[in-house]
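Coordinates as given in structure33.txt (compact mmCIF, C-alpha atoms):
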# COMPACT_ATOMS: atom_id res chain seq x y z
CA MET A 1 -4.54 -1.86 13.53
CA ILE A 2 -5.61 -3.58 16.75
CA GLU A 3 -5.01 -0.63 19.08
CA ALA A 4 -6.90 1.74 16.78
CA ARG A 5 -9.60 -0.83 15.93
CA ALA A 6 -8.93 0.38 12.39
CA THR A 7 -11.40 -0.69 9.71
CA GLU A 8 -9.32 0.95 6.96
CA PRO A 9 -5.57 0.64 6.35
CA ILE A 10 -3.29 2.96 8.31
CA SER A 11 -0.33 4.28 6.37
CA ARG A 12 3.05 3.56 7.96
CA ARG A 13 3.89 7.18 7.24
CA ASN A 14 1.24 8.20 9.78
CA LEU A 15 2.72 6.11 12.58
CA ASP A 16 5.10 7.49 15.19
CA VAL A 17 7.34 4.46 15.65
CA ASP A 18 10.14 6.34 17.45
CA ALA A 19 12.69 3.68 16.46
CA PRO A 20 16.09 3.83 18.14
CA THR A 21 18.95 5.42 16.26
CA ASP A 22 21.63 3.48 18.13
CA ASP A 23 22.21 -0.22 18.78
CA ASP A 24 19.82 -0.37 21.76
CA TRP A 25 16.93 -2.11 20.02
CA ALA A 26 16.05 -4.69 22.70
CA PRO A 27 13.97 -2.35 24.95
CA TRP A 28 12.16 -0.92 21.90
CA ILE A 29 11.29 -4.38 20.57
CA SER A 30 10.21 -5.54 24.04
CA ALA A 31 7.95 -2.49 24.47
CA GLY A 32 6.39 -3.15 21.05
CA ALA A 33 5.75 -6.78 21.93
CA HIS A 34 4.13 -5.68 25.19
CA ARG A 35 1.88 -3.20 23.33
CA LEU A 36 0.85 -5.93 20.90
CA LEU A 37 -0.04 -8.34 23.71
CA VAL A 38 -2.03 -5.68 25.58
CA ALA A 39 -3.87 -4.75 22.38
CA LEU A 40 -4.70 -8.38 21.57
CA GLU A 41 -5.75 -9.20 25.13
CA SER A 42 -8.06 -6.18 25.27
CA THR A 43 -9.71 -6.89 21.91
CA HIS A 44 -12.33 -9.55 21.30
CA PRO A 45 -11.01 -11.97 18.63
CA ASP A 46 -14.14 -11.38 16.50
CA GLU A 47 -13.79 -7.58 16.55
CA SER A 48 -13.72 -6.20 12.99
CA VAL A 49 -10.29 -4.86 12.10
CA TRP A 50 -8.74 -4.10 8.72
CA THR A 51 -6.43 -6.82 7.37
CA TRP A 52 -4.64 -7.24 4.07
CA GLY A 53 -5.75 -10.88 3.88
CA GLY A 54 -8.88 -12.83 4.61
CA GLY A 55 -10.57 -12.92 8.00
CA HIS A 56 -11.10 -9.25 8.79
CA ASP A 57 -10.92 -9.53 12.57
CA ALA A 58 -8.49 -9.30 15.48
CA ARG A 59 -8.01 -13.09 15.40
CA TRP A 60 -6.37 -12.70 11.96
CA TRP A 61 -3.76 -10.33 13.43
CA ALA A 62 -3.01 -12.62 16.40
CA ARG A 63 -2.32 -15.51 14.03
CA ARG A 64 -0.35 -13.31 11.62
CA GLN A 65 1.86 -11.98 14.42
CA LEU A 66 2.46 -15.49 15.81
CA HIS A 67 3.89 -16.61 12.49
CA GLU A 68 5.71 -13.35 11.78
CA THR A 69 7.42 -13.65 15.18
CA ALA A 70 8.29 -17.32 14.60
CA VAL A 71 9.93 -16.55 11.26
CA HIS A 72 12.03 -13.70 12.67
CA ASP A 73 12.88 -15.76 15.76
CA ALA A 74 14.16 -18.52 13.47
CA ASP A 75 16.11 -15.97 11.41
CA LEU A 76 17.82 -14.68 14.54
CA ALA A 77 18.66 -18.14 15.88
CA LEU A 78 20.09 -19.27 12.53
CA ALA A 79 22.09 -16.03 12.15
CA LEU A 80 23.63 -16.74 15.55
CA GLY A 81 24.36 -20.34 14.55
CA GLU A 82 21.86 -21.71 17.05
CA ALA A 83 19.34 -24.48 16.56
CA TYR A 84 15.71 -23.48 16.21
CA GLU A 85 12.70 -25.68 16.87
CA LEU A 86 9.06 -24.83 16.33
CA ASP A 87 6.12 -26.85 17.54
CA GLU A 88 4.98 -28.96 14.57
CA PHE A 89 1.35 -27.84 14.93
CA VAL A 90 2.40 -24.16 14.90
CA ALA A 91 4.62 -24.88 11.88
CA ALA A 92 1.75 -26.60 10.04
CA ASP A 93 -0.56 -23.70 10.85
CA GLY A 94 2.13 -21.36 9.50
CA ILE A 95 1.83 -23.09 6.13
CA CYS A 96 -1.97 -22.81 6.31
CA GLU A 97 -1.71 -19.14 7.30
CA LEU A 98 0.54 -18.44 4.31
CA LEU A 99 -1.84 -20.27 1.99
CA ASP A 100 -4.93 -18.66 3.56
CA ASN A 101 -3.43 -15.27 2.72
CA ALA A 102 -2.14 -16.39 -0.66
CA ALA A 103 -5.24 -15.11 -2.43
CA ALA A 104 -4.38 -11.59 -1.26
CA ARG A 105 -0.63 -11.86 -1.85
CA LEU A 106 0.09 -14.57 -4.39
CA THR A 107 -2.02 -14.04 -7.47
CA TRP A 108 -0.32 -13.70 -10.79
CA PRO A 109 -2.83 -12.49 -13.38
CA ASP A 110 -0.03 -12.14 -15.95
CA ALA A 111 1.40 -15.62 -15.34
CA THR A 112 2.53 -17.58 -18.35
CA PRO A 113 0.02 -20.23 -19.52
CA SER A 114 2.22 -23.08 -18.24
CA LEU A 115 1.89 -21.64 -14.70
CA LEU A 116 -1.85 -21.03 -14.83
CA ASP A 117 -2.76 -24.62 -13.99
CA ALA A 118 -0.25 -26.08 -11.55
CA THR A 119 -0.55 -28.22 -8.43
CA VAL A 120 2.04 -28.82 -5.71
CA HIS A 121 1.78 -31.45 -3.00
CA LEU A 122 3.30 -30.53 0.37
CA HIS A 123 3.76 -33.21 2.99
CA ALA A 124 4.95 -32.58 6.57
CA THR A 125 7.69 -34.98 7.57
CA ASP A 126 7.33 -34.53 11.35
CA ALA A 127 6.61 -37.88 12.95
CA ASP A 128 6.12 -39.24 16.44
CA THR A 129 9.55 -40.72 17.24
CA ASP A 130 8.01 -43.64 19.12
CA THR A 131 5.66 -44.85 16.37
CA GLY A 132 6.99 -43.19 13.23
CA GLU A 133 3.41 -42.08 12.49
CA PRO A 134 2.71 -38.55 11.30
CA LEU A 135 1.51 -36.31 14.12
CA LEU A 136 -0.59 -34.08 11.91
CA GLY A 137 -2.74 -36.51 9.92
CA ASP A 138 -4.35 -35.02 6.81
CA ASP A 139 -3.67 -31.54 8.22
CA GLY A 140 0.01 -32.23 7.54
CA GLU A 141 -0.56 -32.50 3.79
CA TRP A 142 -1.58 -29.82 1.35
CA MET A 143 -2.61 -29.83 -2.27
CA VAL A 144 -1.81 -26.31 -3.46
CA THR A 145 -3.36 -25.42 -6.80
CA MET A 146 -2.94 -22.39 -9.01
CA THR A 147 -5.67 -21.93 -11.58
CA ASP A 148 -5.87 -18.87 -13.80
CA GLY A 149 -3.33 -17.13 -11.53
CA ALA A 150 -5.29 -17.73 -8.27
CA VAL A 151 -3.92 -19.90 -5.45
CA SER A 152 -6.07 -22.29 -3.40
CA TYR A 153 -5.43 -25.36 -1.26
CA THR A 154 -7.00 -28.36 0.39
CA HIS A 155 -5.68 -30.82 2.94
CA GLY A 156 -5.00 -34.30 1.68
CA HIS A 157 -2.73 -36.58 -0.24
CA GLY A 158 -2.33 -36.49 -4.00
CA LYS A 159 -0.01 -36.02 -6.92
CA GLY A 160 1.39 -32.60 -7.69

Translate the structure of the given file into structure tokens.
Amino acid sequence: MIEARATEPISRRNLDVDAPTDDDWAPWISAGAHRLLVALESTHPDESVWTWGGGHDARWWARRQLHETAVHDADLALALGEAYELDEFVAADGICELLDNAAARLTWPDATPSLLDATVHLHATDADTDTGEPLLGDDGEWMVTMTDGAVSYTHGHGKG
């Protein structure tokens, strides 16, 4: 999407991904990461680009790819039995990014009536080890509400 400056979706069927057929995936993945970085660096963040969520610009894709990479990086580390740590601010933004895109991905128009009006409170537990105080302030708490099958959120403390 970024390389093509696409303003309409591009079908995966029209992409020549040339994926490896053997076990030598590392160079292919590295080349793809390099292409992504070059594309993002050469594109103004405000440039209009098609997205499946809100924020129809290159900035949306940079944020989306940050969190996509973090999730798969964590998957790999955990599969190998290794510890995985993610900066708490990036982790909190990952929750916001999921919720920001929830309107495009997480609407349930056929939800049962008991699910149509629900609220969940999320609270980050990361704390400064010296003071025990939360590092994220109100940005580390979310009130996620589903009303009539649509998902929205605000930052703050409350009962879910």

> Neighbours of stretch 94-98 of chain A within 9 Å (only C-alpha atoms; same-chain residues fewer than 5 positions away dropped), as a PyMOL selection string?
Replying inline: chain A and resi 63-64+66-67+70+89+142+153

> What is the distance, in Å and to one decimal place, between atom CA of A:Asp126 and atom CA of A:Asp87?
Replying inline: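 Rounded to one decimal, the two atoms are 9.9 Å apart.
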
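For the pair atom CA of A:Ser11 and atom CA of A:Val49, the interatomic distance is 14.7 Å.
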
>> One decimal, in Å: what's the spacing between atom CA of A:Met1 and atom CA of A:Gly54?
In response: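 Going from atom CA of A:Met1 over to atom CA of A:Gly54 covers 14.8 Å.
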
> With all atoms listed in the file as the basis for distance, which of A:Leu86, A:Asp22, A:Trp61, A:Leu40 is at the shortest distance from A:Asp73?
Replying inline: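 Residue with the minimum atom-to-atom distance to A:Asp73: A:Leu86.
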
> Restricting the calculation to all atoms listed in the file, which member of A:Gly53, A:Gly160, A:Gly32, A:Pro9 is positioned closest to A:Asp117?
Replying inline: A:Gly160

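Counting all atoms listed in the file and comparing A:Glu141, A:Asp18, A:Asp75, A:Asp46, the residue that lies closest to A:Ala92 is A:Glu141.
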